[in-house]
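These notes concern the structure reproduced below.
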Amino acid sequence: MIGGMTDDDDLTKRLLAAGRAADRMLSPGAREATVGELLAGLAAPDPDEPADVYGDGVVTRLERRVAELLGTEDAAFFPSGTMAQQIALRCWAGRTGNPVVALHPMSHPELWEGGALSLVSGLRTVYPTTDPRQPTAEEVADLAEPFGTLMLELPLRDPGFLLPTWEELRALVDAARERDAVVHFDGARLWESTVHFGRPLQEIAALADSVYVSFYKSLGGLGGAALAGSCALIAEARVWRHRYGGQIFRQFPQALSALAGLDGELPRLPSYVAQARTVASALAEALAGGPVPWFRINPETPHTHQFQVWLPYEADRLTEAGVRLAEETGTVLFRRWTAAPVPGVSVTEVTVTAPGLTWTPEEVREAAQAFTARL
């Protein structure tokens, strides 16, 4: 530590500086955006439109747009997906009379919400499987105790942005119905799942009783989320939104950025998924022919425009190699690596968006070779 700064702090500063200065990347980093860039990305508003007050105006237009895209009766805007999802599951517990939620232990509420389902909403969770994959219909059918709601994260982010097949998804929903349970989709990244499923958003959303979607994880918005479902469910959710402190006075910046994402990013997501598969294949070719003793692309063929890369090195060593590549060549291939559950192995997430569409397979292979040369 020097002057109160740790080695990790220094690496993070170098990573951000290299990302901002880079002229080639697969996707921009969330921490690299400036306030000016984010403001410039807002949908052009009508300057004479009255400002929203507690969710009317442009927020109402956004809610109607989401309901139309997902084919639901109604939708409500929330300041965060965490709030939207907790309220959805709480509402279903009251309606079904069962506070038990069946979900994956690597889903967002279990890993990233501080135990809020039980501590805030009084719910209890059970797991159809603990394996790092989507559950099967048989596992849902064989759960030893009744549950009121089956929550499916589509895609399941932490094990590698994994989706079931369309047939498997339908079977999962049918299994829940056979158990007299409702189905909720954690669709934070549902927008890009249409390629893998081969179905439009409305057909996918129609399988569930409620769906949560994010406006920043794939659409590039400033923040916020929506919960979609029947008019009765959304009316109840709005009551709980107020109780949870989600009735924000002015919400137009988030709403405008969400509309911009729906207009600009949503139509491009299928091209991002296709390019991610090209990038993953080229990375596998380069790593297989390079000096690394072992690697894994997970999944081998990405289900969305995001996937994982696993390598048998310490995380700081891999992050340092990526920073040096960016500093010395202006190319960002990988950003931050984290330690995997297996000692001596690290994992990073790769995202492909608009900047990555121009990369050829050869350019991906060259960047991967330059990265491994710096290990």
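By convention in this document, the chains of the structure tokens carry letters A, B, ... by their order, each chain's residues are numbered from 1, and ligands are numbered from 1 in the order they are shown.
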
(Q) Quick one: residues within 7 Å of His303 (chain A), only C-alpha atoms, excluding same-chain residues fewer than 3 positions away - as a list of chain:residue names? (A)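 In the requested form, the answer reads A:Phe161, A:Leu162, A:Leu163, A:His196.
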
**Q.** Surrounding residues of region 55-61 of chain A excluding itself and chain neighbours under 6 positions, 7 Å, only C-alpha atoms, as a ChimeraX atom specification
**A.** /A:251-252,255

For those residues, write N, CA, C and O atoms to a file as a compact mmCIF listing (two decimals), in the first residue's frame.
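See part_2.txt below for the written result:
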# COMPACT_ATOMS: atom_id res chain seq x y z
N GLN A 251 -38.85 11.02 -12.38
CA GLN A 251 -38.22 9.82 -12.91
C GLN A 251 -37.92 9.93 -14.40
O GLN A 251 -37.53 8.95 -15.03
N PHE A 252 -38.07 11.13 -14.96
CA PHE A 252 -37.96 11.26 -16.41
C PHE A 252 -36.57 10.92 -16.97
O PHE A 252 -36.49 10.39 -18.09
N ALA A 255 -36.58 7.20 -17.40
CA ALA A 255 -37.58 6.82 -18.39
C ALA A 255 -37.12 7.16 -19.80
O ALA A 255 -37.29 6.36 -20.74

Within 10 Å of region 328-333 of chain A, counting only C-alpha atoms, which residues qualify if same-chain residues fewer than 6 places away don't, as a VMD selection string? chain A and resid 15 18 to 29 322 350 to 351 356 364 367 to 368 370 to 371

The selected residues should be written to file as a short mmCIF file (atom, residue, chain, number, x, y, z; two decimals), in the first residue's frame (atoms: N, CA and C atoms).
data_model
loop_
_atom_site.label_atom_id
_atom_site.label_comp_id
_atom_site.auth_asym_id
_atom_site.auth_seq_id
_atom_site.Cartn_x
_atom_site.Cartn_y
_atom_site.Cartn_z
N LEU A 15 -7.16 0.30 -15.15
CA LEU A 15 -8.16 -0.36 -15.99
C LEU A 15 -9.15 0.66 -16.56
N ALA A 18 -7.30 3.00 -19.09
CA ALA A 18 -7.02 2.31 -20.35
C ALA A 18 -8.29 2.11 -21.15
N GLY A 19 -9.39 1.83 -20.46
CA GLY A 19 -10.66 1.66 -21.16
C GLY A 19 -11.14 2.94 -21.81
N ARG A 20 -10.99 4.05 -21.12
CA ARG A 20 -11.42 5.34 -21.68
C ARG A 20 -10.55 5.76 -22.86
N ALA A 21 -9.28 5.38 -22.83
CA ALA A 21 -8.37 5.78 -23.91
C ALA A 21 -8.34 4.80 -25.08
N ALA A 22 -8.91 3.62 -24.89
CA ALA A 22 -8.83 2.57 -25.92
C ALA A 22 -9.61 2.96 -27.17
N ASP A 23 -9.12 2.49 -28.30
CA ASP A 23 -9.84 2.73 -29.56
C ASP A 23 -10.52 1.47 -30.09
N ARG A 24 -10.33 0.32 -29.39
CA ARG A 24 -10.99 -0.92 -29.81
C ARG A 24 -11.42 -1.67 -28.57
N MET A 25 -12.65 -2.13 -28.58
CA MET A 25 -13.19 -2.92 -27.48
C MET A 25 -14.40 -3.70 -27.99
N LEU A 26 -14.78 -4.72 -27.25
CA LEU A 26 -15.97 -5.50 -27.60
C LEU A 26 -17.23 -4.84 -27.07
N SER A 27 -17.11 -4.11 -25.98
CA SER A 27 -18.24 -3.39 -25.39
C SER A 27 -17.69 -2.37 -24.41
N PRO A 28 -18.32 -1.22 -24.26
CA PRO A 28 -17.83 -0.24 -23.29
C PRO A 28 -18.06 -0.72 -21.87
N GLY A 29 -17.17 -0.33 -20.97
CA GLY A 29 -17.33 -0.67 -19.56
C GLY A 29 -18.28 0.30 -18.89
N GLY A 322 -4.58 -7.89 -19.13
CA GLY A 322 -5.56 -7.16 -19.92
C GLY A 322 -5.32 -5.66 -19.92
N VAL A 350 -17.51 -11.76 -20.76
CA VAL A 350 -17.31 -11.05 -22.02
C VAL A 350 -18.67 -10.61 -22.54
N THR A 351 -18.78 -9.34 -22.88
CA THR A 351 -20.01 -8.78 -23.44
C THR A 351 -19.71 -8.20 -24.81
N GLY A 356 -18.19 -4.06 -30.68
CA GLY A 356 -17.65 -5.37 -31.03
C GLY A 356 -18.12 -5.92 -32.36
N VAL A 364 -9.99 -11.02 -33.38
CA VAL A 364 -10.20 -11.60 -32.05
C VAL A 364 -9.04 -12.53 -31.70
N ALA A 367 -5.93 -10.48 -30.85
CA ALA A 367 -6.02 -9.85 -29.54
C ALA A 367 -5.82 -10.89 -28.42
N ALA A 368 -6.40 -12.08 -28.60
CA ALA A 368 -6.23 -13.14 -27.61
C ALA A 368 -4.78 -13.59 -27.50
N ALA A 370 -2.16 -11.72 -28.22
CA ALA A 370 -1.44 -10.61 -27.57
C ALA A 370 -1.69 -10.60 -26.07
N PHE A 371 -2.89 -10.98 -25.66
CA PHE A 371 -3.21 -11.05 -24.23
C PHE A 371 -2.41 -12.16 -23.55
#

Per residue of region 242-341 of chain A within 10 Å of region 215-236 of chain A, what are the shortest atom pair and its distance in Å to one decimal, counting only C-alpha atoms, with rows by chain and residue number, as CSV?
residue,atom,partner,partner_atom,distance
A:Gln251,CA,A:Gly224,CA,9.2
A:Pro253,CA,A:Leu222,CA,7.5
A:Gln254,CA,A:Leu222,CA,5.4
A:Ala255,CA,A:Gly224,CA,7.9
A:Leu256,CA,A:Gly221,CA,8.4
A:Ser257,CA,A:Gly221,CA,4.8
A:Ala258,CA,A:Gly221,CA,5.0
A:Leu259,CA,A:Gly221,CA,8.3
A:Ala260,CA,A:Gly221,CA,7.6
A:Gly261,CA,A:Leu219,CA,4.6
A:Leu262,CA,A:Leu219,CA,6.6
A:Asp263,CA,A:Leu219,CA,9.2
A:Gly264,CA,A:Leu219,CA,8.1
A:Glu265,CA,A:Leu219,CA,5.4
A:Leu266,CA,A:Leu219,CA,6.4
A:Pro267,CA,A:Leu219,CA,10.0
A:Arg268,CA,A:Leu219,CA,9.7
A:Leu269,CA,A:Ser218,CA,8.1
A:His305,CA,A:Ser218,CA,9.2
A:Gln306,CA,A:Ser218,CA,9.9

Those selected residues, please, written with N, CA, C and O atoms and delivered as a PDB file, in the first residue's frame.
ATOM      1  N   GLN A 251     -38.851  11.024 -12.378  1.00  0.00           N
ATOM      2  CA  GLN A 251     -38.224   9.818 -12.905  1.00  0.00           C
ATOM      3  C   GLN A 251     -37.922   9.928 -14.402  1.00  0.00           C
ATOM      4  O   GLN A 251     -37.533   8.946 -15.029  1.00  0.00           O
ATOM      5  N   PRO A 253     -35.443  11.183 -16.254  1.00  0.00           N
ATOM      6  CA  PRO A 253     -34.158  10.803 -16.865  1.00  0.00           C
ATOM      7  C   PRO A 253     -34.059   9.297 -17.120  1.00  0.00           C
ATOM      8  O   PRO A 253     -33.635   8.869 -18.193  1.00  0.00           O
ATOM      9  N   GLN A 254     -34.449   8.492 -16.123  1.00  0.00           N
ATOM     10  CA  GLN A 254     -34.415   7.049 -16.305  1.00  0.00           C
ATOM     11  C   GLN A 254     -35.399   6.599 -17.380  1.00  0.00           C
ATOM     12  O   GLN A 254     -35.097   5.714 -18.191  1.00  0.00           O
ATOM     13  N   ALA A 255     -36.581   7.200 -17.398  1.00  0.00           N
ATOM     14  CA  ALA A 255     -37.583   6.818 -18.388  1.00  0.00           C
ATOM     15  C   ALA A 255     -37.123   7.158 -19.805  1.00  0.00           C
ATOM     16  O   ALA A 255     -37.288   6.363 -20.738  1.00  0.00           O
ATOM     17  N   LEU A 256     -36.542   8.350 -19.977  1.00  0.00           N
ATOM     18  CA  LEU A 256     -36.064   8.742 -21.304  1.00  0.00           C
ATOM     19  C   LEU A 256     -34.932   7.831 -21.769  1.00  0.00           C
ATOM     20  O   LEU A 256     -34.870   7.444 -22.942  1.00  0.00           O
ATOM     21  N   SER A 257     -34.032   7.469 -20.856  1.00  0.00           N
ATOM     22  CA  SER A 257     -32.934   6.593 -21.257  1.00  0.00           C
ATOM     23  C   SER A 257     -33.445   5.191 -21.568  1.00  0.00           C
ATOM     24  O   SER A 257     -32.919   4.521 -22.454  1.00  0.00           O
ATOM     25  N   ALA A 258     -34.479   4.746 -20.860  1.00  0.00           N
ATOM     26  CA  ALA A 258     -35.069   3.442 -21.155  1.00  0.00           C
ATOM     27  C   ALA A 258     -35.725   3.447 -22.536  1.00  0.00           C
ATOM     28  O   ALA A 258     -35.581   2.485 -23.310  1.00  0.00           O
ATOM     29  N   LEU A 259     -36.438   4.505 -22.860  1.00  0.00           N
ATOM     30  CA  LEU A 259     -37.057   4.606 -24.186  1.00  0.00           C
ATOM     31  C   LEU A 259     -35.999   4.638 -25.276  1.00  0.00           C
ATOM     32  O   LEU A 259     -36.172   4.036 -26.352  1.00  0.00           O
ATOM     33  N   ALA A 260     -34.883   5.342 -25.012  1.00  0.00           N
ATOM     34  CA  ALA A 260     -33.793   5.364 -25.987  1.00  0.00           C
ATOM     35  C   ALA A 260     -33.236   3.962 -26.194  1.00  0.00           C
ATOM     36  O   ALA A 260     -32.910   3.566 -27.320  1.00  0.00           O
ATOM     37  N   GLY A 261     -33.116   3.195 -25.118  1.00  0.00           N
ATOM     38  CA  GLY A 261     -32.629   1.827 -25.238  1.00  0.00           C
ATOM     39  C   GLY A 261     -33.581   0.934 -26.006  1.00  0.00           C
ATOM     40  O   GLY A 261     -33.151   0.098 -26.813  1.00  0.00           O
ATOM     41  N   LEU A 262     -34.867   1.099 -25.767  1.00  0.00           N
ATOM     42  CA  LEU A 262     -35.853   0.302 -26.494  1.00  0.00           C
ATOM     43  C   LEU A 262     -35.849   0.645 -27.988  1.00  0.00           C
ATOM     44  O   LEU A 262     -36.045  -0.224 -28.840  1.00  0.00           O
ATOM     45  N   ASP A 263     -35.607   1.915 -28.293  1.00  0.00           N
ATOM     46  CA  ASP A 263     -35.557   2.336 -29.701  1.00  0.00           C
ATOM     47  C   ASP A 263     -34.253   1.925 -30.374  1.00  0.00           C
ATOM     48  O   ASP A 263     -34.264   1.442 -31.513  1.00  0.00           O
ATOM     49  N   GLY A 264     -33.127   2.109 -29.667  1.00  0.00           N
ATOM     50  CA  GLY A 264     -31.833   1.925 -30.310  1.00  0.00           C
ATOM     51  C   GLY A 264     -31.166   0.596 -30.086  1.00  0.00           C
ATOM     52  O   GLY A 264     -30.623  -0.001 -31.029  1.00  0.00           O
ATOM     53  N   GLU A 265     -31.186   0.087 -28.844  1.00  0.00           N
ATOM     54  CA  GLU A 265     -30.459  -1.132 -28.527  1.00  0.00           C
ATOM     55  C   GLU A 265     -31.273  -2.403 -28.748  1.00  0.00           C
ATOM     56  O   GLU A 265     -30.737  -3.411 -29.205  1.00  0.00           O
ATOM     57  N   LEU A 266     -32.543  -2.370 -28.392  1.00  0.00           N
ATOM     58  CA  LEU A 266     -33.357  -3.589 -28.507  1.00  0.00           C
ATOM     59  C   LEU A 266     -33.319  -4.193 -29.912  1.00  0.00           C
ATOM     60  O   LEU A 266     -33.118  -5.410 -30.053  1.00  0.00           O
ATOM     61  N   PRO A 267     -33.465  -3.399 -30.999  1.00  0.00           N
ATOM     62  CA  PRO A 267     -33.407  -4.008 -32.328  1.00  0.00           C
ATOM     63  C   PRO A 267     -32.043  -4.583 -32.695  1.00  0.00           C
ATOM     64  O   PRO A 267     -31.941  -5.423 -33.586  1.00  0.00           O
ATOM     65  N   ARG A 268     -30.977  -4.131 -31.998  1.00  0.00           N
ATOM     66  CA  ARG A 268     -29.619  -4.577 -32.338  1.00  0.00           C
ATOM     67  C   ARG A 268     -29.177  -5.797 -31.540  1.00  0.00           C
ATOM     68  O   ARG A 268     -28.148  -6.407 -31.849  1.00  0.00           O
ATOM     69  N   LEU A 269     -29.913  -6.167 -30.512  1.00  0.00           N
ATOM     70  CA  LEU A 269     -29.480  -7.262 -29.650  1.00  0.00           C
ATOM     71  C   LEU A 269     -29.275  -8.581 -30.413  1.00  0.00           C
ATOM     72  O   LEU A 269     -28.313  -9.303 -30.128  1.00  0.00           O
ATOM     73  N   HIS A 305     -25.592 -12.431 -25.724  1.00  0.00           N
ATOM     74  CA  HIS A 305     -24.396 -11.692 -26.160  1.00  0.00           C
ATOM     75  C   HIS A 305     -23.357 -11.591 -25.046  1.00  0.00           C
ATOM     76  O   HIS A 305     -22.418 -10.799 -25.143  1.00  0.00           O
ATOM     77  N   GLN A 306     -23.521 -12.403 -23.999  1.00  0.00           N
ATOM     78  CA  GLN A 306     -22.579 -12.433 -22.887  1.00  0.00           C
ATOM     79  C   GLN A 306     -22.209 -13.880 -22.569  1.00  0.00           C
ATOM     80  O   GLN A 306     -23.045 -14.777 -22.650  1.00  0.00           O
TER      81      GLN A 306
END

Env of Ala237 (chain A): 8 Å cut, atoms = only C-alpha atoms, seq-sep filter 2 positions within chain, self excluded. Answer as a short mmCIF file (atom, residue, chain, number, x, y, z; two decimals) with all heavy atoms, in the first residue's frame.
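Output file selection31.cif follows:
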data_model
loop_
_atom_site.label_atom_id
_atom_site.label_comp_id
_atom_site.auth_asym_id
_atom_site.auth_seq_id
_atom_site.Cartn_x
_atom_site.Cartn_y
_atom_site.Cartn_z
N ALA A 76 -45.42 -1.72 -14.65
CA ALA A 76 -45.12 -0.61 -13.74
C ALA A 76 -43.62 -0.38 -13.70
O ALA A 76 -42.83 -1.33 -13.64
CB ALA A 76 -45.64 -0.92 -12.33
N ILE A 87 -41.14 -7.28 -4.69
CA ILE A 87 -42.57 -6.97 -4.60
C ILE A 87 -43.39 -8.00 -5.37
O ILE A 87 -44.45 -8.45 -4.90
CB ILE A 87 -42.83 -5.55 -5.08
CG1 ILE A 87 -42.33 -4.55 -4.04
CG2 ILE A 87 -44.32 -5.32 -5.38
CD1 ILE A 87 -42.41 -3.10 -4.45
N ALA A 88 -42.92 -8.39 -6.56
CA ALA A 88 -43.65 -9.40 -7.33
C ALA A 88 -43.79 -10.69 -6.53
O ALA A 88 -44.89 -11.27 -6.43
CB ALA A 88 -42.93 -9.67 -8.64
N CYS A 91 -46.19 -10.27 -3.63
CA CYS A 91 -47.59 -10.27 -4.07
C CYS A 91 -48.07 -11.70 -4.36
O CYS A 91 -49.18 -12.09 -3.98
CB CYS A 91 -47.74 -9.41 -5.32
SG CYS A 91 -47.61 -7.63 -5.04
N LEU A 233 -52.48 -7.61 -10.77
CA LEU A 233 -51.18 -7.77 -10.12
C LEU A 233 -50.42 -6.45 -10.09
O LEU A 233 -49.84 -6.07 -9.07
CB LEU A 233 -50.35 -8.83 -10.84
CG LEU A 233 -48.93 -8.97 -10.31
CD1 LEU A 233 -48.93 -9.63 -8.94
CD2 LEU A 233 -48.04 -9.74 -11.28
N ILE A 234 -50.40 -5.74 -11.21
CA ILE A 234 -49.62 -4.49 -11.28
C ILE A 234 -50.24 -3.42 -10.40
O ILE A 234 -49.51 -2.61 -9.80
CB ILE A 234 -49.50 -4.02 -12.75
CG1 ILE A 234 -48.81 -5.09 -13.59
CG2 ILE A 234 -48.74 -2.72 -12.82
CD1 ILE A 234 -47.47 -5.57 -13.03
N ALA A 235 -51.55 -3.40 -10.26
CA ALA A 235 -52.18 -2.44 -9.35
C ALA A 235 -51.72 -2.69 -7.92
O ALA A 235 -51.40 -1.76 -7.17
CB ALA A 235 -53.70 -2.54 -9.45
N VAL A 239 -49.05 -0.38 -5.19
CA VAL A 239 -49.26 -0.07 -3.77
C VAL A 239 -48.01 -0.40 -2.97
O VAL A 239 -47.55 0.40 -2.14
CB VAL A 239 -50.48 -0.85 -3.24
CG1 VAL A 239 -50.60 -0.65 -1.72
CG2 VAL A 239 -51.76 -0.40 -3.93
N TRP A 240 -47.45 -1.59 -3.23
CA TRP A 240 -46.24 -1.99 -2.51
C TRP A 240 -45.04 -1.15 -2.93
O TRP A 240 -44.15 -0.90 -2.11
CB TRP A 240 -45.96 -3.48 -2.74
CG TRP A 240 -46.81 -4.35 -1.88
CD1 TRP A 240 -47.90 -5.09 -2.26
CD2 TRP A 240 -46.67 -4.55 -0.47
NE1 TRP A 240 -48.43 -5.75 -1.19
CE2 TRP A 240 -47.70 -5.45 -0.08
CE3 TRP A 240 -45.78 -4.07 0.48
CZ2 TRP A 240 -47.85 -5.86 1.25
CZ3 TRP A 240 -45.92 -4.49 1.80
CH2 TRP A 240 -46.94 -5.36 2.17
N ARG A 241 -45.00 -0.71 -4.16
CA ARG A 241 -43.90 0.17 -4.60
C ARG A 241 -43.85 1.42 -3.74
O ARG A 241 -42.76 1.87 -3.34
CB ARG A 241 -44.09 0.53 -6.08
CG ARG A 241 -43.00 1.43 -6.65
CD ARG A 241 -43.28 1.77 -8.09
NE ARG A 241 -44.52 2.54 -8.23
CZ ARG A 241 -45.08 2.85 -9.41
NH1 ARG A 241 -44.52 2.44 -10.54
NH2 ARG A 241 -46.20 3.54 -9.45
#

Where does DSSP see strand (DSSP E or B) in region 163-342 of chain A, if you list the residues as a list in words?
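Across region 163-342 of chain A, those assigned strand (DSSP E or B) are Val182, Val183, His184, Phe185, Asp186, Gly187, Ser210, Val211, Tyr212, Val213, Ser214, Ala225, Ala226, Leu227, Ala228, Gly229, Arg296, Ile297, Asn298, Gln306, Phe307, Gln308, Val309, Trp310, Leu311, Thr331, Val332, Thr338 and Ala339 of chain A.
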
Could you list, as a PDB file with C-alpha atoms, in the first residue's frame, every residue within 7 Å of Trp310 (chain A), counting only C-alpha atoms and ignoring same-chain residues fewer than 3 positions away?
ATOM      1  CA  PHE A 295      -9.307 -22.829 -20.765  1.00  0.00           C
ATOM      2  CA  ARG A 296     -13.065 -22.892 -20.904  1.00  0.00           C
ATOM      3  CA  ILE A 297     -15.557 -20.829 -22.879  1.00  0.00           C
ATOM      4  CA  VAL A 345      -8.642 -20.565 -11.635  1.00  0.00           C
ATOM      5  CA  SER A 346     -10.248 -17.234 -12.552  1.00  0.00           C
ATOM      6  CA  VAL A 347     -13.243 -16.187 -14.624  1.00  0.00           C
ATOM      7  CA  THR A 348     -14.292 -13.093 -16.535  1.00  0.00           C
TER       8      THR A 348
END

With distances taken over only C-alpha atoms, the candidate from A:Ala326, A:Leu70, A:Val273, A:Leu103 nearest Ala208 (chain A) is A:Leu70

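Of the residues under consideration (A:His184, A:Arg250, A:Arg95, A:Arg277), A:Arg277 shows the shortest atom-to-atom contact distance to Thr360 (chain A) when counting only C-alpha atoms.
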
Exercise. What's the 12 Å shell around Met83 (chain A), counting only C-alpha atoms, without same-chain residues fewer than 2 positions away, as a ChimeraX atom specification?
Worked result: /A:76-81,85-90,108-109,113,116-117,120-121,212-214,224-227,237-238,240-247

Choose the residue, out of A:Val35, A:Ala288, A:Pro132, A:Ile248, that has the smallest atom-to-atom separation from Tyr54 (chain A); count only C-alpha atoms.
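Counting only C-alpha atoms, the residue closest to Tyr54 (chain A) is A:Ile248.
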
Asp186 (chain A) surroundings by only C-alpha atoms, 7 Å radius, close-in-sequence under 6 positions cut, as a CSV table (one decimal) with all heavy atoms, in the first residue's frame:
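Saved file around-v3.csv follows:
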chain,number,residue,atom,x,y,z
A,151,MET,N,-39.6,-19.2,-9.6
A,151,MET,CA,-38.9,-18.0,-10.2
A,151,MET,C,-37.7,-18.6,-11.1
A,151,MET,O,-36.9,-19.3,-10.6
A,151,MET,CB,-38.3,-17.1,-9.2
A,151,MET,CG,-37.9,-15.7,-9.7
A,151,MET,SD,-36.6,-14.9,-8.8
A,151,MET,CE,-35.1,-15.6,-9.5
A,152,LEU,N,-37.8,-18.2,-12.3
A,152,LEU,CA,-36.7,-18.6,-13.3
A,152,LEU,C,-36.0,-17.4,-13.8
A,152,LEU,O,-36.6,-16.4,-14.3
A,152,LEU,CB,-37.3,-19.3,-14.5
A,152,LEU,CG,-38.1,-20.6,-14.2
A,152,LEU,CD1,-38.8,-21.1,-15.4
A,152,LEU,CD2,-37.1,-21.7,-13.7
A,153,GLU,N,-34.7,-17.3,-13.6
A,153,GLU,CA,-33.8,-16.2,-14.1
A,153,GLU,C,-33.4,-16.6,-15.5
A,153,GLU,O,-32.7,-17.6,-15.7
A,153,GLU,CB,-32.6,-16.1,-13.2
A,153,GLU,CG,-31.7,-14.9,-13.6
A,153,GLU,CD,-30.6,-14.7,-12.6
A,153,GLU,OE1,-30.8,-14.7,-11.4
A,153,GLU,OE2,-29.5,-14.4,-13.1
A,154,LEU,N,-33.8,-15.7,-16.4
A,154,LEU,CA,-33.6,-16.0,-17.9
A,154,LEU,C,-32.9,-14.8,-18.5
A,154,LEU,O,-33.5,-13.7,-18.7
A,154,LEU,CB,-34.9,-16.2,-18.6
A,154,LEU,CG,-35.8,-17.3,-18.1
A,154,LEU,CD1,-37.2,-17.3,-18.8
A,154,LEU,CD2,-35.2,-18.7,-18.2
A,211,VAL,N,-43.4,-10.9,-15.2
A,211,VAL,CA,-42.0,-10.8,-15.8
A,211,VAL,C,-41.4,-9.5,-15.3
A,211,VAL,O,-42.0,-8.4,-15.4
A,211,VAL,CB,-42.1,-10.8,-17.3
A,211,VAL,CG1,-40.6,-10.7,-17.9
A,211,VAL,CG2,-42.8,-12.0,-17.8
A,212,TYR,N,-40.1,-9.5,-14.8
A,212,TYR,CA,-39.4,-8.3,-14.5
A,212,TYR,C,-38.3,-8.1,-15.6
A,212,TYR,O,-37.7,-9.1,-16.1
A,212,TYR,CB,-38.7,-8.4,-13.2
A,212,TYR,CG,-37.3,-7.9,-13.1
A,212,TYR,CD1,-37.0,-6.6,-13.3
A,212,TYR,CD2,-36.2,-8.8,-12.8
A,212,TYR,CE1,-35.7,-6.1,-13.2
A,212,TYR,CE2,-34.9,-8.3,-12.7
A,212,TYR,CZ,-34.7,-7.0,-12.9
A,212,TYR,OH,-33.4,-6.5,-12.9

If you count only C-alpha atoms, the residue of A:Arg124, A:Arg335, A:Arg189, A:Arg199 closest to Glu320 (chain A) turns out to be A:Arg335

Separating CA of Val292 (chain A) from CA of Ala340 (chain A), to the nearest tenth of an Å, is a gap of 16.8 Å

Point-to-point distance in Å for CA of Gly41 (chain A) and CA of Pro302 (chain A):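 Between CA of Pro302 (chain A) and CA of Gly41 (chain A) the gap works out to 27.9 Å.
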
Option closest in space to Ala84 (chain A), from A:Val53, A:Asp10, A:Asp131, A:Gly187 [counting only C-alpha atoms] |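 Ranked by minimum distance to Ala84 (chain A), first place goes to A:Gly187.
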
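Rounded to one decimal, CA of Pro105 (chain A) and CA of Val195 (chain A) lie 25.8 Å from each other.
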